[in-house]
Amino acid sequence: MDLVKRLGPLLAAEAAAEAYGVGVEPAELEQAVWLRLLERTRDAGPPPHPARWLRCAVRAEVRGARRRARREVPYDPMA
């Protein structure tokens with residue numbers, strides 16, 4: 001897929017820049033965005049502005065990770 005080749009370096013850079021601020025591995029963030037792109041492409045075709053879409057998708061995934069991190073409670077077997 002040509003879109004994957006073109007967006008790969010941008011996604012890697014965006015994921016690396018955003019991931020550590022929320023405690024997520026960049027590779028996990030990349031995987032989530034690729035999956036989001038596949039789902040979107042299947043349903044509505046490729047985005048009209050792929051680079052802009054990718055940046056928005058990375059930030060949306062980061063916001064979701066931040067929300068999940070706030071809700072997580074460490075497991076304490078003694079509690």
# chains A, B, ... in the order shown; residues from 1 in each chain; ligands from 1
>>> closest_atom_pairs(of="segment 51-72 of chain A", to="segment 2-18 of chain A", cutoff="10 Å", atoms="only C-alpha atoms", output="Markdown table")
| residue | atom | partner | partner_atom | distance |
| --- | --- | --- | --- | --- |
| A:Ala51 | CA | A:Leu7 | CA | 6.9 |
| A:Leu54 | CA | A:Leu11 | CA | 7.0 |
| A:Arg55 | CA | A:Glu14 | CA | 7.0 |
| A:Ala57 | CA | A:Leu11 | CA | 9.8 |
| A:Val58 | CA | A:Ala15 | CA | 6.8 |
| A:Arg59 | CA | A:Glu18 | CA | 7.7 |
| A:Glu61 | CA | A:Glu18 | CA | 9.7 |
| A:Val62 | CA | A:Glu18 | CA | 7.1 |
>>> closest_atom_pairs(of="segment 7-57 of chain A", to="segment 67-76 of chain A", cutoff="12 Å", atoms="only C-alpha atoms", output="CSV")
residue,atom,partner,partner_atom,distance
A:Gly21,CA,A:Ala69,CA,11.7
A:Val22,CA,A:Ala69,CA,8.0
A:Gly23,CA,A:Ala69,CA,8.6
A:Val24,CA,A:Ala69,CA,9.7
>>> write_last_selection(atoms="N, CA, C and O atoms", output="compact mmCIF listing (two decimals), in the first residue's frame")
# COMPACT_ATOMS: atom_id res chain seq x y z
N GLY A 21 5.11 10.89 26.71
CA GLY A 21 4.42 11.84 27.58
C GLY A 21 3.26 11.21 28.33
O GLY A 21 2.85 11.70 29.38
N VAL A 22 2.72 10.11 27.81
CA VAL A 22 1.60 9.43 28.46
C VAL A 22 1.97 8.03 28.92
O VAL A 22 1.11 7.29 29.39
N GLY A 23 3.23 7.64 28.75
CA GLY A 23 3.67 6.33 29.21
C GLY A 23 3.27 5.18 28.31
O GLY A 23 3.05 4.07 28.76
N VAL A 24 3.18 5.44 27.02
CA VAL A 24 2.82 4.41 26.04
C VAL A 24 4.04 4.17 25.16
O VAL A 24 4.79 5.10 24.86
>>> closest_residue(among="A:Trp53, A:Glu25, A:Tyr20, A:Pro77", to="Leu37 of chain A", atoms="only C-alpha atoms")
A:Trp53
>>> atom_distance(atom1="atom CA of Arg42 of chain A", atom2="atom CA of Gly64 of chain A")
22.3 Å
>>> select_by_dssp(residues="chain A", states="helix (DSSP H, G or I)", output="PyMOL selection string")
chain A and resi 2-19+26-44+50-71
>>> atom_distance(atom1="atom CA of Thr41 of chain A", atom2="atom CA of Ala19 of chain A")
24.0 Å
>>> decode(residues="segment 41-55 of chain A", atoms="all heavy atoms", output="compact mmCIF listing (two decimals), in the first residue's frame")
# COMPACT_ATOMS: atom_id res chain seq x y z
N THR A 41 -10.25 3.18 6.13
CA THR A 41 -10.14 2.94 4.70
C THR A 41 -11.19 1.95 4.23
O THR A 41 -11.78 2.12 3.17
CB THR A 41 -8.72 2.43 4.35
OG1 THR A 41 -7.78 3.40 4.80
CG2 THR A 41 -8.55 2.24 2.87
N ARG A 42 -11.44 0.93 5.04
CA ARG A 42 -12.46 -0.07 4.68
C ARG A 42 -13.85 0.56 4.62
O ARG A 42 -14.63 0.27 3.74
CB ARG A 42 -12.44 -1.20 5.71
CG ARG A 42 -13.47 -2.28 5.43
CD ARG A 42 -13.61 -3.23 6.58
NE ARG A 42 -14.13 -2.49 7.71
CZ ARG A 42 -13.90 -2.82 8.98
NH1 ARG A 42 -13.16 -3.84 9.28
NH2 ARG A 42 -14.43 -2.11 9.96
N ASP A 43 -14.15 1.44 5.56
CA ASP A 43 -15.48 2.03 5.66
C ASP A 43 -15.69 3.23 4.75
O ASP A 43 -16.75 3.37 4.14
CB ASP A 43 -15.79 2.43 7.10
CG ASP A 43 -15.83 1.24 8.04
OD1 ASP A 43 -16.04 0.11 7.55
OD2 ASP A 43 -15.64 1.44 9.25
N ALA A 44 -14.69 4.12 4.67
CA ALA A 44 -14.91 5.38 3.96
C ALA A 44 -13.84 5.69 2.91
O ALA A 44 -13.85 6.77 2.34
CB ALA A 44 -14.95 6.53 4.98
N GLY A 45 -12.93 4.77 2.67
CA GLY A 45 -11.85 5.04 1.73
C GLY A 45 -10.72 5.81 2.39
O GLY A 45 -10.82 6.19 3.56
N PRO A 46 -9.66 6.04 1.67
CA PRO A 46 -8.52 6.75 2.25
C PRO A 46 -8.88 8.19 2.59
O PRO A 46 -9.72 8.79 1.93
CB PRO A 46 -7.44 6.67 1.17
CG PRO A 46 -8.15 6.32 -0.07
CD PRO A 46 -9.42 5.64 0.30
N PRO A 47 -8.25 8.73 3.61
CA PRO A 47 -8.55 10.13 3.97
C PRO A 47 -8.08 11.08 2.88
O PRO A 47 -7.08 10.83 2.21
CB PRO A 47 -7.75 10.35 5.27
CG PRO A 47 -6.76 9.25 5.33
CD PRO A 47 -7.25 8.13 4.49
N PRO A 48 -8.79 12.19 2.69
CA PRO A 48 -8.41 13.14 1.64
C PRO A 48 -7.07 13.83 1.92
O PRO A 48 -6.35 14.17 1.00
CB PRO A 48 -9.56 14.15 1.62
CG PRO A 48 -10.31 13.94 2.88
CD PRO A 48 -10.03 12.57 3.36
N HIS A 49 -6.75 14.03 3.19
CA HIS A 49 -5.49 14.65 3.60
C HIS A 49 -4.81 13.69 4.57
O HIS A 49 -4.93 13.84 5.79
CB HIS A 49 -5.72 16.00 4.27
CG HIS A 49 -6.47 16.95 3.40
ND1 HIS A 49 -5.90 17.58 2.32
CD2 HIS A 49 -7.76 17.37 3.43
CE1 HIS A 49 -6.79 18.34 1.73
NE2 HIS A 49 -7.94 18.23 2.38
N PRO A 50 -4.08 12.70 4.06
CA PRO A 50 -3.56 11.62 4.91
C PRO A 50 -2.65 12.09 6.05
O PRO A 50 -2.77 11.61 7.17
CB PRO A 50 -2.80 10.73 3.95
CG PRO A 50 -3.34 11.04 2.61
CD PRO A 50 -3.80 12.45 2.66
N ALA A 51 -1.76 13.03 5.78
CA ALA A 51 -0.85 13.48 6.83
C ALA A 51 -1.61 14.17 7.96
O ALA A 51 -1.33 13.94 9.15
CB ALA A 51 0.21 14.41 6.25
N ARG A 52 -2.57 15.00 7.62
CA ARG A 52 -3.37 15.67 8.64
C ARG A 52 -4.19 14.64 9.43
O ARG A 52 -4.29 14.72 10.65
CB ARG A 52 -4.30 16.70 7.99
CG ARG A 52 -5.05 17.50 9.03
CD ARG A 52 -6.02 18.50 8.44
NE ARG A 52 -5.60 19.04 7.17
CZ ARG A 52 -6.42 19.65 6.32
NH1 ARG A 52 -7.69 19.79 6.62
NH2 ARG A 52 -5.99 20.11 5.18
N TRP A 53 -4.77 13.69 8.72
CA TRP A 53 -5.55 12.65 9.38
C TRP A 53 -4.68 11.88 10.36
O TRP A 53 -5.09 11.61 11.48
CB TRP A 53 -6.14 11.70 8.34
CG TRP A 53 -6.93 10.62 8.98
CD1 TRP A 53 -8.27 10.64 9.26
CD2 TRP A 53 -6.44 9.37 9.49
NE1 TRP A 53 -8.62 9.48 9.91
CE2 TRP A 53 -7.52 8.69 10.06
CE3 TRP A 53 -5.18 8.78 9.53
CZ2 TRP A 53 -7.38 7.44 10.65
CZ3 TRP A 53 -5.05 7.53 10.12
CH2 TRP A 53 -6.14 6.88 10.67
N LEU A 54 -3.46 11.55 9.92
CA LEU A 54 -2.56 10.77 10.77
C LEU A 54 -2.22 11.54 12.05
O LEU A 54 -2.26 10.98 13.14
CB LEU A 54 -1.29 10.44 9.99
CG LEU A 54 -0.33 9.55 10.74
CD1 LEU A 54 0.08 8.39 9.87
CD2 LEU A 54 0.86 10.34 11.16
N ARG A 55 -1.91 12.80 11.93
CA ARG A 55 -1.58 13.59 13.12
C ARG A 55 -2.77 13.63 14.08
O ARG A 55 -2.60 13.50 15.29
CB ARG A 55 -1.17 15.00 12.72
CG ARG A 55 0.18 15.05 12.09
CD ARG A 55 0.60 16.50 11.77
NE ARG A 55 1.84 16.51 11.06
CZ ARG A 55 1.95 16.74 9.75
NH1 ARG A 55 0.88 17.02 9.04
NH2 ARG A 55 3.13 16.72 9.17
